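Notes follow the structure.
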Amino acid sequence: MPVRSVQIHGAHAFPPKELVTVLRLRPGQTFSQALFHAGLIRLEEFYRNAGYRHFRVVQKEVRQTPEGVDIELWLYEGPRAVIARLTYAGVQQLDSLLVARLFHRYRTPRPYDVDDLHRLESDLLNLYAEQGFPYASVRIRQQELRPDTFEVQFQVEEGPRVVIQRVELRGLHQVRRQIVLRELRFHPPCVYQASRVLESIRNIYLTGLFSSVLRRLEPVNAEGDTVVLVLELHEVKPRYLEIGGGWRQPLFAEFQVSLGHRNLFGNNQRLEMRTEGLLDFSQETWQERWQRRRVEISYSEPYFLGSPLKATAHPFYERDLQVKKEEYGVDLQLLWIASPYLSFTGAVEWKRTPLQPSRSGPLINSLIFIGLWDSRDNLFDPRRGAFASLKLQNAGGPVLGGDNTFYRAILDFSYYAPHRSHWVVAGRFRSGYQRPYGTSRTIPSSERFFMGGEGSLRGYADRSVGPVDPDNPEVHSGNLLLNLNLELRYRNGRWGGALFLDGGNLWFSVPEMRQQFRILWTAGLGIRYFTPIGPVRLDWGYRLQDRTPGYKGRLYLALGHMF
């Protein structure tokens, strides 16, 4: 029979809803005595780990009715134990001041909490590993000074201070040894430092040449203070073919195909050819159906001229009938990875637009700077972390030349926070501003901001938000952009879903935004099926304003999260 209700009396330290989650006996779930008994054991362990040593379930009632099972519990929480002192012993080789600073962050007296003690234990072991003691271990001893008041001591076994004599690479077949060695952030012989070892492994992963990198320490002598760091490497195939696509109302289908080589010439140079397109099946002829097509080639060279910079050459061609744009060109980029999370890119772009030379000018030369912060825990399905980018662009001017002069700034910020085990709250804020200067009075239509559709405001048609474009009345565009997206994501195994709220608008100028400030909102929900390269998602977006008769929202089918 299903559980109809769960009532808890006597709970003061924790909300009853949280305790029902601990019991894992939610309304609607099938009831069994075994699950009920296991839930009571978890509840007792939960309270005792939080310092309620006298906790007990005073009374429990399980009543069966024709509609289901009603569960009622009466609890006695008792007083919460207190940690009066946190001490440590066995610190001999490590600077005791470093340990004292760590313990100072856990000030006493404090409520007894097992999770707190485990965090302090983890912080202490990380401190030792960072100072060259990877074999350090900790035992936690407790002494009851008086009823429900404890002194907790961390007894440290330091082990030897370890020196890495050399690095041994195993599993290399097609990748040259030098490619891996240049990603190391330490130079043997050297004292073991956990952060530098982990950063080195991360850099090896970022080459894209390996599916896994496993490490272990092999002692060289009996004392164990000199080791060989062994890296077990599993290579991926250097050649790859990636295919993706999506669909959205009314009859638009899009696709992407990438063909590339990750290790050209055996030195981690990467060559990729990518094509993408948008088909409108409501048109009669194939020439009209090809609404957008883009072909680009990317060649990248790590450690350009022996420096820590990554160089990329990127020629491209694009034709877009929706905005009446045709362009081709090339951009040259230099990437510097400043830290595991922070990178900077500088680029020069040359672009020609031959479709409308009389209105938009045939040549645009730009200097571009991009700062990027990415602390997401998973690129395809992030649960925590942040992504932020700032793009600054200057087109034309006395140095760059060209037929258009304007500057542009785009800020993009996303944040992800887990909520319990299956939920994630994800939010994104985007803002863009651009303005012509010098000899230019307007910005080319192809360079303006667009909004509406799958990537910004689900529920609106593509490029349908904002003022009507003066060069192409079939679309809307602007020079000032604001976009907000909020998603509540759920995942349980392969399947999941999302509730979302999108907002935004476009304006031609700041004075226009001040006079006609208005944010358009849409809301909707979606279904997710998760794959190793991100979720396949089906979203339904519904406009909350400006609805026309017969409007029923819009559907979108795509691969990967929108942000």
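Residue names in the structure tokens use chain letters A, B, ... in the order shown, residue numbers from 1 in each chain, and ligand numbers from 1 in the order shown.
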
**Report entry** Selection near Ser137 of chain A, 9 Å with only C-alpha atoms, sequence-local residues under 3 positions removed, as a list in words
**Finding:**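 Residues near the query, excluding close chain neighbours: Leu125, Pro134, Gln155, Val156, Glu157, Glu158 and Gly159 of chain A.
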
Query raised in the report: Skipping near chain neighbours, those fewer than 2 positions away, what residues fall within 10 Å of Gln291 of chain A using only C-alpha atoms, listed as number ranges by chain?
Result: A: 252, 254, 277-281, 283, 286-289, 293, 319-324

So that I have them on file, write out the residues from the current selection with N, CA and C atoms, as a PDB file, in the first residue's frame.
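And here is the file that came out, part.pdb:
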ATOM      1  N   PHE A 252      11.636  23.902 -38.325  1.00  0.00           N
ATOM      2  CA  PHE A 252      13.061  24.195 -38.438  1.00  0.00           C
ATOM      3  C   PHE A 252      13.873  23.018 -37.896  1.00  0.00           C
ATOM      4  N   GLU A 254      18.032  21.808 -37.357  1.00  0.00           N
ATOM      5  CA  GLU A 254      19.419  22.242 -37.418  1.00  0.00           C
ATOM      6  C   GLU A 254      20.338  21.064 -37.163  1.00  0.00           C
ATOM      7  N   GLY A 277      24.083  23.859 -40.146  1.00  0.00           N
ATOM      8  CA  GLY A 277      23.068  24.430 -41.003  1.00  0.00           C
ATOM      9  C   GLY A 277      21.715  24.473 -40.336  1.00  0.00           C
ATOM     10  N   LEU A 278      20.824  25.288 -40.906  1.00  0.00           N
ATOM     11  CA  LEU A 278      19.451  25.421 -40.442  1.00  0.00           C
ATOM     12  C   LEU A 278      18.538  25.269 -41.652  1.00  0.00           C
ATOM     13  N   LEU A 279      17.633  24.303 -41.565  1.00  0.00           N
ATOM     14  CA  LEU A 279      16.714  24.012 -42.656  1.00  0.00           C
ATOM     15  C   LEU A 279      15.298  24.403 -42.256  1.00  0.00           C
ATOM     16  N   ASP A 280      14.591  25.074 -43.187  1.00  0.00           N
ATOM     17  CA  ASP A 280      13.199  25.451 -42.990  1.00  0.00           C
ATOM     18  C   ASP A 280      12.357  24.625 -43.961  1.00  0.00           C
ATOM     19  N   PHE A 281      11.729  23.564 -43.449  1.00  0.00           N
ATOM     20  CA  PHE A 281      10.985  22.658 -44.312  1.00  0.00           C
ATOM     21  C   PHE A 281       9.625  23.219 -44.733  1.00  0.00           C
ATOM     22  N   GLN A 283       9.477  25.833 -46.575  1.00  0.00           N
ATOM     23  CA  GLN A 283       9.746  26.394 -47.893  1.00  0.00           C
ATOM     24  C   GLN A 283       9.624  25.310 -48.962  1.00  0.00           C
ATOM     25  N   TRP A 286      14.717  23.527 -52.197  1.00  0.00           N
ATOM     26  CA  TRP A 286      15.863  23.297 -51.320  1.00  0.00           C
ATOM     27  C   TRP A 286      16.707  24.557 -51.172  1.00  0.00           C
ATOM     28  N   GLN A 287      16.752  25.371 -52.199  1.00  0.00           N
ATOM     29  CA  GLN A 287      17.522  26.604 -52.103  1.00  0.00           C
ATOM     30  C   GLN A 287      16.941  27.536 -51.045  1.00  0.00           C
ATOM     31  N   GLU A 288      15.608  27.557 -50.935  1.00  0.00           N
ATOM     32  CA  GLU A 288      14.967  28.385 -49.916  1.00  0.00           C
ATOM     33  C   GLU A 288      15.010  27.729 -48.544  1.00  0.00           C
ATOM     34  N   ARG A 289      15.041  26.396 -48.512  1.00  0.00           N
ATOM     35  CA  ARG A 289      15.068  25.696 -47.226  1.00  0.00           C
ATOM     36  C   ARG A 289      16.385  25.911 -46.484  1.00  0.00           C
ATOM     37  N   ARG A 293      23.809  28.343 -43.387  1.00  0.00           N
ATOM     38  CA  ARG A 293      24.862  27.345 -43.486  1.00  0.00           C
ATOM     39  C   ARG A 293      26.185  27.998 -43.111  1.00  0.00           C
ATOM     40  N   ARG A 319      26.490  31.864 -44.632  1.00  0.00           N
ATOM     41  CA  ARG A 319      25.416  32.498 -45.397  1.00  0.00           C
ATOM     42  C   ARG A 319      24.122  32.309 -44.620  1.00  0.00           C
ATOM     43  N   ASP A 320      23.430  33.408 -44.333  1.00  0.00           N
ATOM     44  CA  ASP A 320      22.214  33.378 -43.529  1.00  0.00           C
ATOM     45  C   ASP A 320      21.136  34.185 -44.243  1.00  0.00           C
ATOM     46  N   LEU A 321      20.106  33.474 -44.760  1.00  0.00           N
ATOM     47  CA  LEU A 321      19.042  34.142 -45.494  1.00  0.00           C
ATOM     48  C   LEU A 321      18.096  34.885 -44.557  1.00  0.00           C
ATOM     49  N   GLN A 322      18.015  34.462 -43.281  1.00  0.00           N
ATOM     50  CA  GLN A 322      17.093  35.121 -42.355  1.00  0.00           C
ATOM     51  C   GLN A 322      17.481  36.569 -42.098  1.00  0.00           C
ATOM     52  N   VAL A 323      18.778  36.836 -42.004  1.00  0.00           N
ATOM     53  CA  VAL A 323      19.237  38.208 -41.786  1.00  0.00           C
ATOM     54  C   VAL A 323      19.917  38.773 -43.024  1.00  0.00           C
ATOM     55  N   LYS A 324      19.769  38.050 -44.147  1.00  0.00           N
ATOM     56  CA  LYS A 324      20.344  38.497 -45.427  1.00  0.00           C
ATOM     57  C   LYS A 324      21.831  38.807 -45.255  1.00  0.00           C
TER      58      LYS A 324
END

Requested in this report: Compare A:Glu474, A:Asp225, A:Glu276, A:Glu512 by their minimum atom-to-atom distance to Tyr135 of chain A, counting only C-alpha atoms, and give me the closest one.
Outcome: A:Asp225

Report summary line: For Val175 of chain A, the closest of A:Phe150, A:Tyr76, A:Trp373, A:Phe265 counting only C-alpha atoms is A:Phe265

Query raised in the report: What does the distance from atom CA of Ser440 of chain A to atom CA of Phe406 of chain A come to in Å, to one decimal?
Result: 7.4 Å

Requested in this report: For His173 of chain A, please output as an MDAnalysis selection string all residues within 12 Å (counting only C-alpha atoms; exclusion window: fewer than 6 positions along the same chain).
Outcome: chainID A and resid 209:210 233:238 266

Generate the output file for the selected residues, N, CA and C atoms, as a JSON list (two decimals), in the first residue's frame.
[["chain", "number", "residue", "atom", "x", "y", "z"],
["A", 209, "LEU", "N", 43.76, 14.15, -25.40],
["A", 209, "LEU", "CA", 44.35, 12.94, -25.97],
["A", 209, "LEU", "C", 44.14, 11.70, -25.12],
["A", 210, "PHE", "N", 43.57, 11.87, -23.91],
["A", 210, "PHE", "CA", 43.49, 10.75, -22.97],
["A", 210, "PHE", "C", 42.08, 10.66, -22.37],
["A", 233, "LEU", "N", 48.21, 6.04, -18.43],
["A", 233, "LEU", "CA", 47.49, 6.84, -19.42],
["A", 233, "LEU", "C", 46.73, 5.94, -20.39],
["A", 234, "HIS", "N", 45.50, 6.33, -20.67],
["A", 234, "HIS", "CA", 44.69, 5.61, -21.66],
["A", 234, "HIS", "C", 44.35, 6.59, -22.78],
["A", 235, "GLU", "N", 44.90, 6.32, -23.96],
["A", 235, "GLU", "CA", 44.73, 7.23, -25.09],
["A", 235, "GLU", "C", 43.34, 7.09, -25.72],
["A", 236, "VAL", "N", 42.86, 8.19, -26.28],
["A", 236, "VAL", "CA", 41.66, 8.16, -27.12],
["A", 236, "VAL", "C", 42.10, 8.14, -28.58],
["A", 237, "LYS", "N", 41.20, 7.73, -29.45],
["A", 237, "LYS", "CA", 41.52, 7.72, -30.88],
["A", 237, "LYS", "C", 41.71, 9.16, -31.36],
["A", 238, "PRO", "N", 42.78, 9.42, -32.12],
["A", 238, "PRO", "CA", 43.03, 10.81, -32.53],
["A", 238, "PRO", "C", 42.01, 11.35, -33.52],
["A", 266, "GLY", "N", 51.71, 14.37, -34.62],
["A", 266, "GLY", "CA", 52.23, 13.79, -33.39],
["A", 266, "GLY", "C", 52.64, 14.78, -32.34]]

Which residues of segment 362-422 of chain A have any atom within 12 Å of an atom in segment 334-341 of chain A when counting only C-alpha atoms, and what is the closest pair of atoms for each, with the distance in Å to one decimal? Order the rows by chain and rising number and write it as a Markdown table.
| residue | atom | partner | partner_atom | distance |
| --- | --- | --- | --- | --- |
| A:Leu367 | CA | A:Leu334 | CA | 11.9 |
| A:Ile368 | CA | A:Leu334 | CA | 10.6 |
| A:Phe369 | CA | A:Leu334 | CA | 9.8 |
| A:Ile370 | CA | A:Leu335 | CA | 9.3 |
| A:Gly371 | CA | A:Trp336 | CA | 9.8 |
| A:Leu372 | CA | A:Tyr341 | CA | 8.0 |
| A:Trp373 | CA | A:Tyr341 | CA | 5.4 |
| A:Asp374 | CA | A:Tyr341 | CA | 5.1 |
| A:Ser375 | CA | A:Tyr341 | CA | 5.6 |
| A:Arg376 | CA | A:Tyr341 | CA | 8.9 |
| A:Asp377 | CA | A:Tyr341 | CA | 10.8 |
| A:Gly385 | CA | A:Tyr341 | CA | 10.4 |
| A:Ala386 | CA | A:Tyr341 | CA | 9.7 |
| A:Phe387 | CA | A:Tyr341 | CA | 9.2 |
| A:Ala388 | CA | A:Tyr341 | CA | 10.2 |
| A:Ser389 | CA | A:Tyr341 | CA | 11.6 |

**Report entry** Between atom CA of Arg176 of chain A and atom CA of Leu332 of chain A, distance in Å (one decimal)
**Finding:** 26.7 Å

Could you list, as a PDB file with C-alpha atoms, in the first residue's frame, every residue within 8 Å of Phe31 of chain A, counting only C-alpha atoms and ignoring same-chain residues fewer than 5 positions away?
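Result file follows (selection23.pdb):
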ATOM      1  CA  MET A   1       0.000   0.000   0.000  1.00  0.00           C
ATOM      2  CA  PRO A   2       1.182   3.574  -0.601  1.00  0.00           C
ATOM      3  CA  VAL A   3       2.237   5.915   2.168  1.00  0.00           C
ATOM      4  CA  LEU A  25       9.098   7.485   3.212  1.00  0.00           C
ATOM      5  CA  PHE A  36      10.259   1.683   7.661  1.00  0.00           C
ATOM      6  CA  VAL A  69      -0.703   4.036   5.303  1.00  0.00           C
TER       7      VAL A  69
END

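For Arg448 of chain A, the residues within 7 Å (counting only C-alpha atoms, excluding itself and residues fewer than 2 positions away along the chain) are Ile443, Pro444, Ser445, Ser446, Phe450, Ser477, Gly478 and Asn479 of chain A.
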
Query raised in the report: If you count only C-alpha atoms, which residues fall within 12 Å of Trp507 of chain A, apart from same-chain ones fewer than 5 positions away, as a PyMOL selection string?
Result: chain A and resi 431-435+448-451+465-469+476-483+512-519

Could you go through segment 154-227 of chain A and tell me which residues DSSP, when run on the backbone, assigns to helix (DSSP H, G or I), listing them as a tab-separated table (two decimals) with C-alpha atoms, in the first residue's frame?
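Written output follows (states-v6.tsv):
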chain	number	residue	atom	x	y	z
A	177	ARG	CA	56.25	11.36	-24.31
A	178	GLN	CA	57.22	15.03	-24.64
A	179	ILE	CA	53.58	16.06	-25.09
A	180	VAL	CA	52.77	14.73	-21.61
A	181	LEU	CA	55.93	15.96	-19.89
A	194	ALA	CA	49.43	17.68	-4.13
A	195	SER	CA	48.07	20.78	-5.90
A	196	ARG	CA	50.82	20.73	-8.55
A	197	VAL	CA	50.32	17.02	-9.18
A	198	LEU	CA	46.56	17.48	-9.57
A	199	GLU	CA	47.03	20.53	-11.82
A	200	SER	CA	49.41	18.49	-13.99
A	201	ILE	CA	46.85	15.70	-14.34
A	202	ARG	CA	44.19	18.27	-15.24
A	203	ASN	CA	46.44	19.74	-17.92
A	204	ILE	CA	47.05	16.27	-19.37
A	205	TYR	CA	43.29	15.74	-19.57
A	206	LEU	CA	42.90	19.13	-21.30

Requested in this report: Report the distance between atom CA of Lys310 of chain A and atom CA of Arg166 of chain A in Å, rounded to one decimal place.
Outcome: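 Between these atoms lies a distance of 27.1 Å.
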
Query - Polymer residues at most 10 Å from Gln59 of chain A, only C-alpha atoms, same-chain spacing of 3 or more positions, as an NGL selection string - result: :A and (9 or 56 or 72-76)

Requested in this report: For each of A:Trp540, A:Phe103, A:Tyr460, A:Tyr328, take the minimum atom-to-atom distance to Leu120 of chain A, counting only C-alpha atoms, then give the residue where this is smallest.
Outcome: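 Between A:Trp540, A:Phe103, A:Tyr460, A:Tyr328, the residue approaching Leu120 of chain A most closely is A:Phe103.
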
Report task. Quick one: pick out all strand (DSSP E or B) residues within segment 158-339 of chain A from a backbone DSSP run and write them as a PyMOL selection string. Result -> chain A and resi 163-170+190-191+210-219+226-235+239-248+252-264+269-280+290-301+309-320+325-337

Residues as selected, C-alpha atoms, written as an mmCIF file, in the first residue's frame, can you do that?
data_model
loop_
_atom_site.group_PDB
_atom_site.id
_atom_site.type_symbol
_atom_site.label_atom_id
_atom_site.label_comp_id
_atom_site.auth_asym_id
_atom_site.auth_seq_id
_atom_site.Cartn_x
_atom_site.Cartn_y
_atom_site.Cartn_z
ATOM 1 C CA VAL A 163 60.487 13.506 -2.843
ATOM 2 C CA ILE A 164 59.476 12.656 -6.421
ATOM 3 C CA GLN A 165 62.624 11.253 -8.034
ATOM 4 C CA ARG A 166 61.149 10.943 -11.538
ATOM 5 C CA VAL A 167 57.898 10.506 -13.465
ATOM 6 C CA GLU A 168 57.169 7.273 -15.318
ATOM 7 C CA LEU A 169 54.588 7.286 -18.120
ATOM 8 C CA ARG A 170 52.792 4.072 -19.011
ATOM 9 C CA CYS A 190 61.200 17.805 -6.115
ATOM 10 C CA VAL A 191 59.126 17.603 -2.942
ATOM 11 C CA PHE A 210 43.485 10.746 -22.974
ATOM 12 C CA SER A 211 40.299 9.205 -21.590
ATOM 13 C CA SER A 212 41.800 8.570 -18.142
ATOM 14 C CA VAL A 213 44.921 9.464 -16.174
ATOM 15 C CA LEU A 214 45.607 7.389 -13.053
ATOM 16 C CA ARG A 215 48.450 8.081 -10.627
ATOM 17 C CA ARG A 216 50.246 6.107 -7.951
ATOM 18 C CA LEU A 217 53.452 6.410 -5.945
ATOM 19 C CA GLU A 218 56.050 3.619 -6.084
ATOM 20 C CA PRO A 219 58.724 3.825 -3.301
ATOM 21 C CA THR A 226 61.768 8.840 -2.365
ATOM 22 C CA VAL A 227 59.223 7.733 -4.946
ATOM 23 C CA VAL A 228 58.515 7.373 -8.622
ATOM 24 C CA LEU A 229 55.252 9.005 -9.721
ATOM 25 C CA VAL A 230 53.626 6.579 -12.137
ATOM 26 C CA LEU A 231 50.981 7.913 -14.532
ATOM 27 C CA GLU A 232 48.804 5.269 -16.201
ATOM 28 C CA LEU A 233 47.494 6.844 -19.416
ATOM 29 C CA HIS A 234 44.692 5.611 -21.657
ATOM 30 C CA GLU A 235 44.731 7.232 -25.086
ATOM 31 C CA ARG A 239 40.457 10.938 -35.331
ATOM 32 C CA TYR A 240 36.858 11.751 -34.503
ATOM 33 C CA LEU A 241 33.479 12.409 -36.086
ATOM 34 C CA GLU A 242 30.791 14.199 -34.092
ATOM 35 C CA ILE A 243 27.203 14.697 -35.249
ATOM 36 C CA GLY A 244 24.503 16.706 -33.502
ATOM 37 C CA GLY A 245 21.193 18.308 -34.306
ATOM 38 C CA GLY A 246 17.895 19.684 -33.080
ATOM 39 C CA TRP A 247 14.393 20.750 -34.065
ATOM 40 C CA ARG A 248 12.094 23.607 -33.172
ATOM 41 C CA PHE A 252 13.061 24.195 -38.438
ATOM 42 C CA ALA A 253 15.772 21.529 -38.218
ATOM 43 C CA GLU A 254 19.419 22.242 -37.418
ATOM 44 C CA PHE A 255 22.514 20.063 -37.542
ATOM 45 C CA GLN A 256 26.239 20.162 -36.778
ATOM 46 C CA VAL A 257 28.955 17.856 -38.110
ATOM 47 C CA SER A 258 32.587 17.984 -36.937
ATOM 48 C CA LEU A 259 35.448 15.975 -38.408
ATOM 49 C CA GLY A 260 38.875 16.310 -36.870
ATOM 50 C CA HIS A 261 42.234 15.009 -35.710
ATOM 51 C CA ARG A 262 43.455 15.620 -32.130
ATOM 52 C CA ASN A 263 47.137 14.854 -32.625
ATOM 53 C CA LEU A 264 48.189 16.017 -36.059
ATOM 54 C CA GLN A 269 48.214 20.057 -33.103
ATOM 55 C CA ARG A 270 44.482 19.910 -33.717
ATOM 56 C CA LEU A 271 42.737 20.221 -37.073
ATOM 57 C CA GLU A 272 38.937 20.327 -37.278
ATOM 58 C CA MET A 273 36.421 20.999 -40.012
ATOM 59 C CA ARG A 274 32.939 21.879 -38.826
ATOM 60 C CA THR A 275 29.754 22.538 -40.731
ATOM 61 C CA GLU A 276 26.345 23.502 -39.423
ATOM 62 C CA GLY A 277 23.068 24.430 -41.003
ATOM 63 C CA LEU A 278 19.451 25.421 -40.442
ATOM 64 C CA LEU A 279 16.714 24.012 -42.656
ATOM 65 C CA ASP A 280 13.199 25.451 -42.990
ATOM 66 C CA TRP A 290 18.770 26.308 -46.543
ATOM 67 C CA GLN A 291 18.163 29.266 -44.247
ATOM 68 C CA ARG A 292 21.648 29.196 -42.763
ATOM 69 C CA ARG A 293 24.862 27.345 -43.486
ATOM 70 C CA ARG A 294 28.311 27.761 -42.003
ATOM 71 C CA VAL A 295 31.605 26.038 -42.740
ATOM 72 C CA GLU A 296 34.724 26.609 -40.666
ATOM 73 C CA ILE A 297 38.176 25.118 -40.266
ATOM 74 C CA SER A 298 40.179 25.355 -37.071
ATOM 75 C CA TYR A 299 43.893 24.642 -36.692
ATOM 76 C CA SER A 300 45.460 24.985 -33.240
ATOM 77 C CA GLU A 301 49.078 24.875 -32.133
ATOM 78 C CA LEU A 309 50.351 30.319 -25.487
ATOM 79 C CA LYS A 310 48.003 28.292 -27.670
ATOM 80 C CA ALA A 311 47.629 29.675 -31.222
ATOM 81 C CA THR A 312 44.582 29.032 -33.413
ATOM 82 C CA ALA A 313 43.862 29.920 -37.055
ATOM 83 C CA HIS A 314 40.181 29.867 -37.918
ATOM 84 C CA PRO A 315 38.905 30.536 -41.486
ATOM 85 C CA PHE A 316 35.111 30.522 -41.934
ATOM 86 C CA TYR A 317 32.244 31.079 -44.369
ATOM 87 C CA GLU A 318 28.589 31.744 -43.480
ATOM 88 C CA ARG A 319 25.416 32.498 -45.397
ATOM 89 C CA ASP A 320 22.214 33.378 -43.529
ATOM 90 C CA LYS A 325 23.981 38.002 -44.518
ATOM 91 C CA GLU A 326 26.902 36.441 -46.304
ATOM 92 C CA GLU A 327 30.421 36.661 -44.924
ATOM 93 C CA TYR A 328 33.787 34.973 -44.990
ATOM 94 C CA GLY A 329 37.028 35.630 -43.207
ATOM 95 C CA VAL A 330 39.610 34.379 -40.752
ATOM 96 C CA ASP A 331 40.536 35.060 -37.136
ATOM 97 C CA LEU A 332 43.852 34.414 -35.414
ATOM 98 C CA GLN A 333 43.823 33.732 -31.666
ATOM 99 C CA LEU A 334 46.330 33.424 -28.835
ATOM 100 C CA LEU A 335 45.115 31.691 -25.637
ATOM 101 C CA TRP A 336 46.836 31.923 -22.255
ATOM 102 C CA ILE A 337 45.647 29.650 -19.430
#

Query raised in the report: Between A:Phe304, A:Phe344, A:Trp350, A:Tyr556, which has the minimum distance to Gly402 of chain A (counting only C-alpha atoms)?
Result: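 Among A:Phe304, A:Phe344, A:Trp350, A:Tyr556, it is A:Trp350 that comes nearest to Gly402 of chain A.
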
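Nearest-residue note for Leu457 of chain A: choosing from A:Ser122, A:Asn505, A:Thr439, A:Thr87, the minimum distance belongs to A:Asn505, counting only C-alpha atoms.
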